[in-house]
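J.: Compact mmCIF, C-alpha atoms, file model13.txt:
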```
# COMPACT_ATOMS: atom_id res chain seq x y z
CA MET A 1 62.87 -48.97 -47.99
CA THR A 2 59.54 -48.04 -49.58
CA ILE A 3 59.87 -44.76 -51.43
CA ARG A 4 56.74 -42.88 -52.45
CA GLY A 5 57.14 -40.30 -55.20
CA ASN A 6 55.97 -36.72 -54.88
CA LEU A 7 53.54 -34.96 -57.21
CA PHE A 8 54.81 -31.62 -58.46
CA ILE A 9 52.43 -29.08 -60.00
CA VAL A 10 54.57 -26.89 -62.26
CA SER A 11 53.01 -23.70 -63.59
CA ALA A 12 54.29 -20.62 -65.33
CA PRO A 13 53.33 -17.94 -67.82
CA SER A 14 54.50 -18.37 -71.41
CA GLY A 15 58.06 -17.20 -71.74
CA ALA A 16 59.18 -18.32 -68.28
CA GLY A 17 61.04 -21.38 -69.58
CA LYS A 18 59.00 -24.02 -67.77
CA SER A 19 59.00 -26.58 -70.60
CA SER A 20 62.74 -26.15 -71.15
CA LEU A 21 63.41 -26.67 -67.44
CA ILE A 22 61.31 -29.83 -67.29
CA SER A 23 63.00 -31.17 -70.43
CA ALA A 24 66.44 -30.48 -68.99
CA LEU A 25 65.43 -32.18 -65.74
CA LEU A 26 64.46 -35.34 -67.58
CA LYS A 27 67.15 -35.19 -70.24
CA ASP A 28 69.16 -38.11 -68.86
CA LYS A 29 66.01 -40.18 -68.37
CA PRO A 30 66.19 -40.51 -64.55
CA SER A 31 64.34 -43.60 -63.36
CA ASP A 32 62.67 -41.77 -60.48
CA MET A 33 61.04 -38.88 -62.38
CA GLN A 34 58.32 -38.60 -65.04
CA VAL A 35 56.14 -35.98 -66.62
CA SER A 36 52.49 -36.84 -66.15
CA VAL A 37 51.03 -38.36 -69.29
CA SER A 38 47.58 -36.95 -69.95
CA HIS A 39 44.60 -38.69 -71.49
CA THR A 40 43.22 -37.24 -74.71
CA THR A 41 40.59 -37.98 -77.32
CA ARG A 42 42.44 -36.26 -80.16
CA GLN A 43 44.19 -38.21 -82.85
CA PRO A 44 47.90 -39.00 -82.37
CA ARG A 45 50.25 -36.86 -84.43
CA PRO A 46 53.10 -38.44 -86.40
CA GLY A 47 55.72 -39.73 -83.97
CA GLU A 48 53.47 -39.69 -80.91
CA VAL A 49 53.46 -42.93 -78.95
CA ASN A 50 50.46 -44.12 -76.92
CA GLY A 51 51.31 -44.10 -73.24
CA GLN A 52 54.33 -41.89 -73.79
CA HIS A 53 53.04 -38.61 -75.22
CA TYR A 54 49.42 -39.18 -74.27
CA HIS A 55 47.05 -42.00 -73.38
CA PHE A 56 44.91 -41.88 -76.53
CA VAL A 57 41.30 -42.88 -75.84
CA SER A 58 37.91 -42.60 -77.54
CA ILE A 59 35.38 -39.98 -76.47
CA GLU A 60 33.24 -42.75 -74.96
CA GLU A 61 36.15 -44.04 -72.90
CA PHE A 62 36.98 -40.48 -71.80
CA LYS A 63 33.39 -39.77 -70.71
CA ALA A 64 33.31 -43.06 -68.82
CA LEU A 65 36.49 -42.01 -67.01
CA ILE A 66 34.94 -38.66 -66.12
CA ALA A 67 31.88 -40.44 -64.74
CA ALA A 68 34.15 -42.74 -62.73
CA ASN A 69 35.90 -39.70 -61.20
CA ALA A 70 39.17 -40.89 -62.66
CA PHE A 71 40.51 -37.43 -63.41
CA PHE A 72 42.18 -34.91 -61.16
CA GLU A 73 41.15 -32.37 -63.76
CA TRP A 74 39.94 -32.37 -67.37
CA ALA A 75 38.97 -29.85 -70.04
CA GLU A 76 37.61 -29.69 -73.55
CA VAL A 77 39.71 -27.69 -76.00
CA PHE A 78 38.44 -27.19 -79.58
CA GLY A 79 36.36 -30.38 -79.48
CA ASN A 80 39.12 -32.55 -78.00
CA TYR A 81 39.17 -33.69 -74.39
CA TYR A 82 42.28 -33.64 -72.19
CA GLY A 83 42.59 -34.93 -68.66
CA THR A 84 45.00 -35.93 -65.90
CA SER A 85 44.21 -39.40 -64.61
CA ARG A 86 44.37 -39.76 -60.86
CA THR A 87 44.80 -43.55 -61.08
CA VAL A 88 47.82 -43.37 -63.37
CA ILE A 89 49.44 -40.78 -61.17
CA GLU A 90 48.78 -42.72 -57.97
CA GLN A 91 50.31 -45.86 -59.50
CA THR A 92 53.40 -43.95 -60.60
CA LEU A 93 53.89 -42.30 -57.21
CA ALA A 94 53.51 -45.68 -55.50
CA LYS A 95 56.49 -46.94 -57.54
CA GLY A 96 58.63 -44.22 -55.94
CA ILE A 97 58.62 -42.02 -59.04
CA ASP A 98 58.20 -38.25 -58.79
CA VAL A 99 55.56 -36.98 -61.22
CA PHE A 100 55.51 -33.53 -62.83
CA LEU A 101 52.21 -31.97 -63.86
CA ASP A 102 52.86 -29.26 -66.44
CA ILE A 103 49.61 -27.40 -65.89
CA ASP A 104 48.03 -23.93 -65.53
CA TRP A 105 47.00 -22.39 -62.21
CA GLN A 106 43.38 -23.50 -62.49
CA GLY A 107 44.29 -27.13 -63.11
CA GLY A 108 46.84 -26.85 -60.33
CA GLU A 109 44.19 -25.57 -57.94
CA GLN A 110 41.93 -28.54 -58.69
CA VAL A 111 44.76 -31.00 -58.16
CA LYS A 112 45.83 -29.36 -54.90
CA LYS A 113 42.26 -29.67 -53.57
CA LEU A 114 42.21 -33.40 -54.29
CA MET A 115 45.81 -34.01 -53.25
CA PRO A 116 46.91 -31.38 -50.70
CA GLU A 117 50.35 -32.97 -50.38
CA ALA A 118 51.13 -32.14 -54.02
CA VAL A 119 53.96 -29.61 -54.23
CA GLY A 120 53.35 -26.45 -56.27
CA VAL A 121 56.29 -24.89 -58.12
CA PHE A 122 55.80 -21.62 -60.01
CA ILE A 123 58.36 -20.49 -62.59
CA LEU A 124 58.70 -16.72 -63.13
CA PRO A 125 60.67 -14.67 -65.62
CA PRO A 126 63.31 -12.35 -64.11
CA SER A 127 61.56 -9.11 -65.09
CA LYS A 128 58.67 -7.61 -67.01
CA THR A 129 61.08 -6.34 -69.65
CA GLU A 130 62.58 -9.79 -70.17
CA LEU A 131 59.12 -11.35 -70.30
CA ALA A 132 58.03 -8.84 -72.95
CA ARG A 133 61.16 -9.60 -74.95
CA ARG A 134 60.50 -13.36 -74.81
CA LEU A 135 56.80 -12.92 -75.68
CA THR A 136 57.55 -10.64 -78.62
CA GLY A 137 59.51 -13.38 -80.29
CA ARG A 138 60.64 -12.55 -83.80
CA GLY A 139 58.54 -9.37 -83.94
CA GLN A 140 56.22 -10.84 -86.59
CA ASP A 141 53.07 -10.52 -84.53
CA SER A 142 50.83 -7.48 -84.18
CA GLN A 143 50.96 -5.39 -81.02
CA ASP A 144 47.46 -6.62 -80.18
CA VAL A 145 48.65 -10.24 -80.18
CA ILE A 146 51.66 -9.38 -78.05
CA ASP A 147 49.54 -7.35 -75.60
CA SER A 148 47.13 -10.26 -75.36
CA ARG A 149 49.98 -12.68 -74.56
CA MET A 150 51.27 -10.30 -71.90
CA ALA A 151 47.83 -9.92 -70.31
CA GLN A 152 47.49 -13.71 -70.26
CA ALA A 153 50.94 -14.02 -68.69
CA VAL A 154 50.19 -11.42 -66.01
CA SER A 155 46.92 -13.20 -65.23
CA GLU A 156 48.70 -16.56 -64.82
CA MET A 157 51.50 -15.00 -62.71
CA SER A 158 49.07 -13.34 -60.32
CA HIS A 159 48.42 -16.82 -58.88
CA TYR A 160 52.03 -17.52 -57.87
CA THR A 161 51.10 -16.99 -54.22
CA GLN A 162 49.10 -20.22 -54.30
CA TYR A 163 52.32 -22.19 -54.87
CA ASP A 164 54.77 -23.65 -52.37
CA PHE A 165 57.95 -22.74 -54.26
CA VAL A 166 58.91 -20.05 -56.74
CA ILE A 167 61.82 -20.20 -59.18
CA VAL A 168 62.90 -17.02 -60.94
CA ASN A 169 64.33 -18.22 -64.24
CA ASP A 170 67.04 -15.65 -64.92
CA ASP A 171 70.08 -17.86 -65.52
CA PHE A 172 68.80 -21.19 -66.85
CA ASP A 173 71.44 -23.41 -65.22
CA THR A 174 70.78 -21.80 -61.84
CA ALA A 175 67.03 -22.27 -62.23
CA LEU A 176 67.61 -25.95 -63.07
CA VAL A 177 69.69 -26.48 -59.92
CA ASP A 178 66.95 -24.68 -57.97
CA LEU A 179 64.35 -27.10 -59.35
CA GLN A 180 66.54 -30.10 -58.54
CA ALA A 181 67.05 -28.86 -54.97
CA ILE A 182 63.30 -28.51 -54.47
CA ILE A 183 62.69 -32.04 -55.78
CA ARG A 184 65.45 -33.53 -53.63
CA SER A 185 64.30 -31.66 -50.50
CA GLN A 186 60.78 -33.06 -50.83
CA ARG A 187 62.16 -36.59 -50.44
CA LEU A 188 63.73 -35.43 -47.18
CA THR A 189 60.59 -34.12 -45.46
CA CYS A 190 59.77 -35.86 -42.19
CA ALA A 191 56.65 -37.43 -43.74
CA SER A 192 58.52 -38.72 -46.78
CA GLN A 193 61.46 -40.08 -44.79
CA SER A 194 59.18 -41.70 -42.20
CA HIS A 195 57.57 -43.59 -45.06
CA THR A 196 60.83 -44.47 -46.81
CA HIS A 197 62.69 -45.65 -43.70
CA ASN A 198 59.73 -47.05 -41.77
CA GLY A 199 61.35 -50.37 -40.85
CA MET A 200 64.70 -48.84 -39.95
CA LEU A 201 63.04 -46.23 -37.71
CA VAL A 202 61.08 -48.83 -35.76
CA ASP A 203 64.35 -50.65 -35.11
CA LEU A 204 66.25 -47.44 -34.34
CA LEU A 205 63.78 -46.26 -31.72
CA ALA A 206 63.21 -49.63 -30.03
CA ASN A 207 64.54 -49.89 -26.50
CA MET B 1 66.60 -7.76 -53.83
CA THR B 2 66.33 -8.06 -50.04
CA ILE B 3 67.24 -11.55 -48.96
CA ARG B 4 66.29 -12.70 -45.47
CA GLY B 5 68.20 -15.69 -44.13
CA ASN B 6 66.52 -18.78 -42.72
CA LEU B 7 67.07 -20.19 -39.24
CA PHE B 8 67.85 -23.90 -39.24
CA ILE B 9 67.51 -25.96 -36.05
CA VAL B 10 69.83 -28.95 -36.51
CA SER B 11 69.51 -31.80 -34.03
CA ALA B 12 70.78 -35.33 -33.85
CA PRO B 13 71.85 -38.03 -31.42
CA SER B 14 75.58 -38.47 -30.78
CA GLY B 15 77.11 -40.53 -33.55
CA ALA B 16 74.86 -39.21 -36.33
CA GLY B 17 77.56 -36.95 -37.80
CA LYS B 18 75.78 -33.63 -37.29
CA SER B 19 78.88 -31.64 -36.34
CA SER B 20 80.86 -33.08 -39.26
CA LEU B 21 78.07 -32.19 -41.68
CA ILE B 22 77.83 -28.62 -40.42
CA SER B 23 81.62 -28.24 -40.60
CA ALA B 24 81.68 -29.56 -44.15
CA LEU B 25 78.85 -27.19 -45.07
CA LEU B 26 80.81 -24.19 -43.86
CA LYS B 27 84.26 -25.44 -44.91
CA ASP B 28 84.65 -22.95 -47.75
CA LYS B 29 83.39 -20.10 -45.57
CA PRO B 30 80.25 -19.24 -47.58
CA SER B 31 79.20 -15.65 -47.02
CA ASP B 32 75.53 -16.52 -46.66
CA MET B 33 75.74 -19.15 -43.89
CA GLN B 34 76.82 -19.14 -40.23
CA VAL B 35 76.60 -21.32 -37.19
CA SER B 36 74.83 -19.49 -34.38
CA VAL B 37 77.34 -18.13 -31.89
CA SER B 38 76.09 -18.68 -28.36
CA HIS B 39 76.59 -16.45 -25.33
CA THR B 40 78.44 -17.96 -22.38
CA THR B 41 79.78 -16.95 -18.98
CA ARG B 42 82.60 -19.50 -18.96
CA GLN B 43 86.17 -18.44 -19.51
CA PRO B 44 87.54 -18.55 -23.07
CA ARG B 45 89.82 -21.52 -23.80
CA PRO B 46 93.15 -21.02 -25.58
CA GLY B 47 92.47 -20.12 -29.21
CA GLU B 48 88.85 -19.15 -28.71
CA VAL B 49 87.93 -15.75 -30.15
CA ASN B 50 85.19 -13.56 -28.70
CA GLY B 51 82.33 -13.26 -31.17
CA GLN B 52 83.55 -16.22 -33.19
CA HIS B 53 83.44 -19.25 -30.87
CA TYR B 54 81.21 -17.63 -28.24
CA HIS B 55 80.10 -14.19 -27.08
CA PHE B 56 81.90 -14.22 -23.73
CA VAL B 57 80.00 -12.23 -21.07
CA SER B 58 79.94 -11.89 -17.30
CA ILE B 59 77.28 -13.59 -15.18
CA GLU B 60 75.74 -10.17 -14.47
CA GLU B 61 75.50 -9.36 -18.19
CA PHE B 62 74.04 -12.84 -18.86
CA LYS B 63 71.40 -12.45 -16.16
CA ALA B 64 70.51 -9.00 -17.48
CA LEU B 65 70.04 -10.54 -20.94
CA ILE B 66 67.76 -13.24 -19.46
CA ALA B 67 65.72 -10.55 -17.75
CA ALA B 68 65.50 -8.63 -21.02
CA ASN B 69 64.17 -11.76 -22.80
CA ALA B 70 67.13 -11.68 -25.13
CA PHE B 71 67.51 -15.45 -25.38
CA PHE B 72 65.64 -17.94 -27.50
CA GLU B 73 66.83 -20.48 -24.96
CA TRP B 74 69.45 -20.70 -22.21
CA ALA B 75 70.74 -23.24 -19.70
CA GLU B 76 73.17 -23.57 -16.83
CA VAL B 77 75.72 -26.36 -17.17
CA PHE B 78 78.14 -27.04 -14.31
CA GLY B 79 77.99 -23.43 -13.09
CA ASN B 80 78.40 -21.87 -16.51
CA TYR B 81 75.56 -20.25 -18.43
CA TYR B 82 74.97 -20.80 -22.18
CA GLY B 83 72.34 -19.11 -24.31
CA THR B 84 71.21 -18.39 -27.86
CA SER B 85 70.61 -14.68 -28.35
CA ARG B 86 67.51 -13.82 -30.31
CA THR B 87 68.82 -10.35 -31.17
CA VAL B 88 72.07 -11.62 -32.66
CA ILE B 89 70.20 -14.20 -34.72
CA GLU B 90 67.61 -11.68 -35.97
CA GLN B 91 70.39 -9.31 -37.05
CA THR B 92 72.20 -12.09 -38.91
CA LEU B 93 69.05 -13.27 -40.68
CA ALA B 94 68.25 -9.68 -41.68
CA LYS B 95 71.61 -9.55 -43.49
CA GLY B 96 70.46 -12.45 -45.68
CA ILE B 97 72.59 -15.01 -43.87
CA ASP B 98 71.24 -18.47 -43.05
CA VAL B 99 71.90 -19.39 -39.40
CA PHE B 100 72.41 -22.92 -38.07
CA LEU B 101 71.49 -23.73 -34.48
CA ASP B 102 73.32 -26.90 -33.39
CA ILE B 103 70.98 -27.76 -30.54
CA ASP B 104 69.11 -30.61 -28.82
CA TRP B 105 65.39 -31.30 -29.28
CA GLN B 106 64.37 -29.38 -26.17
CA GLY B 107 66.22 -26.22 -27.23
CA GLY B 108 64.84 -26.73 -30.72
CA GLU B 109 61.30 -26.91 -29.36
CA GLN B 110 61.74 -23.62 -27.50
CA VAL B 111 63.12 -21.90 -30.58
CA LYS B 112 60.34 -23.23 -32.81
CA LYS B 113 57.72 -21.85 -30.38
CA LEU B 114 59.27 -18.36 -30.56
CA MET B 115 60.06 -18.54 -34.28
CA PRO B 116 57.66 -20.94 -36.02
CA GLU B 117 59.25 -20.24 -39.40
CA ALA B 118 62.54 -21.79 -38.23
CA VAL B 119 63.30 -24.96 -40.19
CA GLY B 120 64.00 -28.14 -38.21
CA VAL B 121 66.47 -30.66 -39.65
CA PHE B 122 67.08 -33.95 -37.82
CA ILE B 123 70.12 -36.07 -38.66
CA LEU B 124 69.79 -39.84 -38.12
CA PRO B 125 72.29 -42.70 -38.31
CA PRO B 126 71.52 -45.33 -40.96
CA SER B 127 70.78 -48.14 -38.49
CA LYS B 128 70.86 -49.13 -34.83
CA THR B 129 73.84 -51.37 -35.47
CA GLU B 130 75.81 -48.54 -37.05
CA LEU B 131 74.83 -46.18 -34.23
CA ALA B 132 76.03 -48.71 -31.65
CA ARG B 133 79.30 -49.05 -33.53
CA ARG B 134 79.85 -45.29 -33.58
CA LEU B 135 78.90 -44.89 -29.91
CA THR B 136 81.20 -47.71 -28.81
CA GLY B 137 84.19 -45.86 -30.14
CA ARG B 138 87.51 -47.50 -29.30
CA GLY B 139 85.93 -50.00 -26.94
CA GLN B 140 87.59 -48.41 -23.89
CA ASP B 141 84.36 -47.59 -22.09
CA SER B 142 82.34 -49.87 -19.83
CA GLN B 143 79.13 -51.45 -21.13
CA ASP B 144 77.19 -49.24 -18.68
CA VAL B 145 78.62 -46.10 -20.28
CA ILE B 146 77.83 -47.33 -23.79
CA ASP B 147 74.30 -48.38 -22.78
CA SER B 148 73.79 -44.95 -21.26
CA ARG B 149 74.92 -43.23 -24.49
CA MET B 150 72.58 -45.44 -26.51
CA ALA B 151 69.63 -44.67 -24.22
CA GLN B 152 70.39 -40.97 -24.53
CA ALA B 153 70.59 -41.30 -28.32
CA VAL B 154 67.28 -43.19 -28.54
CA SER B 155 65.66 -40.56 -26.35
CA GLU B 156 66.91 -37.73 -28.61
CA MET B 157 65.90 -39.60 -31.79
CA SER B 158 62.35 -40.21 -30.57
CA HIS B 159 61.71 -36.49 -31.23
CA TYR B 160 62.57 -36.57 -34.95
CA THR B 161 58.86 -36.30 -35.79
CA GLN B 162 58.90 -32.70 -34.50
CA TYR B 163 61.27 -31.73 -37.33
CA ASP B 164 60.53 -30.58 -40.87
CA PHE B 165 63.30 -32.53 -42.59
CA VAL B 166 65.19 -35.73 -41.82
CA ILE B 167 68.58 -36.70 -43.22
CA VAL B 168 69.76 -40.28 -42.84
CA ASN B 169 73.53 -40.01 -42.71
CA ASP B 170 74.66 -43.24 -44.33
CA ASP B 171 77.02 -42.00 -47.03
CA PHE B 172 78.48 -38.69 -45.79
CA ASP B 173 78.76 -36.99 -49.18
CA THR B 174 75.14 -37.86 -49.98
CA ALA B 175 74.00 -36.50 -46.61
CA LEU B 176 75.89 -33.28 -47.29
CA VAL B 177 74.20 -32.79 -50.66
CA ASP B 178 70.87 -33.53 -48.92
CA LEU B 179 71.56 -30.78 -46.40
CA GLN B 180 72.56 -28.34 -49.14
CA ALA B 181 69.36 -29.10 -51.07
CA ILE B 182 67.23 -28.41 -48.01
CA ILE B 183 69.00 -25.10 -47.40
CA ARG B 184 68.69 -24.04 -51.05
CA SER B 185 65.02 -25.05 -51.24
CA GLN B 186 64.16 -22.87 -48.25
CA ARG B 187 65.30 -19.80 -50.17
CA LEU B 188 62.85 -20.79 -52.89
CA THR B 189 59.68 -20.98 -50.79
CA CYS B 190 56.93 -18.61 -51.89
CA ALA B 191 57.33 -16.56 -48.70
CA SER B 192 61.09 -16.26 -49.07
CA GLN B 193 60.97 -15.42 -52.78
CA SER B 194 58.14 -12.89 -52.29
CA HIS B 195 60.43 -11.11 -49.83
CA THR B 196 63.56 -11.37 -51.95
CA HIS B 197 61.96 -10.23 -55.22
CA ASN B 198 59.37 -7.87 -53.79
CA GLY B 199 60.09 -4.96 -56.13
CA MET B 200 60.38 -7.12 -59.23
CA LEU B 201 57.08 -8.86 -58.45
CA VAL B 202 55.20 -5.59 -58.07
CA ASP B 203 56.49 -4.56 -61.51
CA LEU B 204 55.84 -8.00 -63.02
CA LEU B 205 52.22 -8.08 -61.93
CA ALA B 206 51.36 -4.46 -62.74
CA ASN B 207 48.92 -4.00 -65.58
```
Kindly present the structure from the file in structure tokens form.
T.:
Amino acid sequence: MTIRGNLFIVSAPSGAGKSSLISALLKDKPSDMQVSVSHTTRQPRPGEVNGQHYHFVSIEEFKALIAANAFFEWAEVFGNYYGTSRTVIEQTLAKGIDVFLDIDWQGGEQVKKLMPEAVGVFILPPSKTELARRLTGRGQDSQDVIDSRMAQAVSEMSHYTQYDFVIVNDDFDTALVDLQAIIRSQRLTCASQSHTHNGMLVDLLAN
Amino acid sequence: MTIRGNLFIVSAPSGAGKSSLISALLKDKPSDMQVSVSHTTRQPRPGEVNGQHYHFVSIEEFKALIAANAFFEWAEVFGNYYGTSRTVIEQTLAKGIDVFLDIDWQGGEQVKKLMPEAVGVFILPPSKTELARRLTGRGQDSQDVIDSRMAQAVSEMSHYTQYDFVIVNDDFDTALVDLQAIIRSQRLTCASQSHTHNGMLVDLLAN
């Protein structure tokens, strides 16, 4: 059996619970699932481990990787570079490990272009009211800040149609089972199973 | 919320455990799943209930239904007619109920042509050896009969590539969870969720 992992692009507006769902998914440290570890040029924060939280590299190394087309996608944010390495992901998938890319719709679009077989999962809140409640937080921010968050959320959500699956995160436990079902089902596609059981299928169909 | 059920075409060679899996799936009589109930012109057997085991009709009624293009697929077997009614299936799906069509690859191909959004699931045995063991049964049949069953099985299995999902039924409980994951994931596709949560999405994305 030669299992190949699947690449999942997971996107959501703030307040949808995406990070909590991914954390819960990986809570028991399954051997066949990982969150994609990005490359960055920023300094590690206390407690961050190289290769676990990020691959920490110099700006020169990062630019060399860009020039070598090593990234699915990259961006500069406040002087620091961040990117998703295609090589690292390919190596992880080849080991039979599913990889989760916690990424916005624009990054997701770039990845999907380069790897059409990547599976897009969009997490939505159960209603506008609930989203507003979650974005308001402790009520310490000005209305302008809250309105800005909501506009950003609506903008992100408008791209849900570009995704393969949609999870409405109303009850958290239900949403988690939904996510697990999607992940499991992608190992059962004809393409995935043909790859996994290649030898057995040749034998099964021989006359 | 307006849920639309999904149509699942489930095929397998003899000995793969398809019928057992479908029975186990429906054991607790879930309200959102049903096996498709075929039409037939044969006489009911003791214990069979009209509308539950089959829709029992006369040959005239059956031929009128053929003429009215009511069937996804139909066939005559030893003088009796059997068919899958498109109307009955459409009505069941519209009620938000998933429908399972226990059918061979040829019937499945006809259904997929008429309803491309139907989801094909092929059940395979875990190996040729295990298949031979299951097809041999109690060892009361001649080698010719067993060889014929195996040839028929190999012929059916050669069409697995026409299906969307493949389940290798090695451990039964695992295969059942696989089937449940596929079913659940199909309610989470973008198309299905857009339909189910139509009103909520309009509100969510309004400015």
J.: So which residues touch Ser148 (chain B) within 12 Å, counting all atoms listed in the file, skipping near sequence neighbours fewer than 5 positions away, as a list in words?
T.: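 In the requested form, the answer reads Asn207 of chain A; Ser14, Ala132, Leu135, Thr136, Asp141, Ser142, Gln143, Ala153, Val154 and Ser155 of chain B.
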J.: Just write the chosen residues, C-alpha atoms, as a PDB file, keeping the file's coordinate frame.
T.:
```pdb
ATOM      1  CA  ASN A 207      64.540 -49.890 -26.500  1.00  0.00           C
TER       2      ASN A 207
ATOM      3  CA  SER B  14      75.580 -38.470 -30.780  1.00  0.00           C
ATOM      4  CA  ALA B 132      76.030 -48.710 -31.650  1.00  0.00           C
ATOM      5  CA  LEU B 135      78.900 -44.890 -29.910  1.00  0.00           C
ATOM      6  CA  THR B 136      81.200 -47.710 -28.810  1.00  0.00           C
ATOM      7  CA  ASP B 141      84.360 -47.590 -22.090  1.00  0.00           C
ATOM      8  CA  SER B 142      82.340 -49.870 -19.830  1.00  0.00           C
ATOM      9  CA  GLN B 143      79.130 -51.450 -21.130  1.00  0.00           C
ATOM     10  CA  ALA B 153      70.590 -41.300 -28.320  1.00  0.00           C
ATOM     11  CA  VAL B 154      67.280 -43.190 -28.540  1.00  0.00           C
ATOM     12  CA  SER B 155      65.660 -40.560 -26.350  1.00  0.00           C
TER      13      SER B 155
END
```
J.: Tell me which of B:Gly139, B:Gly79, B:Pro13, B:Gly108 sits closest to chain A, counting all atoms listed in the file.
T.: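 That would be B:Pro13, the residue with the smallest distance to chain A.
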J.: Please check the contacts: residues of chain B at most 9 Å away from chain A, using all atoms listed in the file, listed as a ChimeraX atom specification.
T.: /B:121-122,125-129,131,151,154-155,157-158,160-168,178-194,197,200-201,203-207
J.: Within 12 Å of (55.9, -44.2, -61.5), in the coordinates the file gives, what residues turn up when you count only C-alpha atoms, written out as a ChimeraX atom specification?
T.: /A:3-7,30-37,87-100
J.: Which is closer to Glu117 (chain A) than all the others in A:Ser23, A:Phe8, A:Thr2, A:Asp171, using only C-alpha atoms?
T.: A:Phe8
J.: When you draw a straight line from CA of Arg149 (chain B) to CA of Gly15 (chain B), how long is it in Å?
T.: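 Rounded to one decimal, the two atoms are 9.7 Å apart.
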J.: What separation in Å, quoted to one decimal, exists between CA of Phe71 (chain A) and CA of Asp28 (chain A)?
T.: 29.2 Å
J.: Just need the box for region 47-57 of chain B, edges along x, y and z, holding every atom the file lists for it with 8 Å tacked onto each side, so centre and edge lengths in Å to one decimal, as JSON.
T.:
```
{"center_x": 86.2, "center_y": -16.2, "center_z": -27.1, "size_x": 28.5, "size_y": 23.9, "size_z": 28.1}
```
J.: Please measure the separation of CA of Ala67 (chain B) and CA of His55 (chain B), giving the value in Å to one decimal.
T.: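 Straight-line distance from CA of Ala67 (chain B) to CA of His55 (chain B) works out to 17.5 Å.
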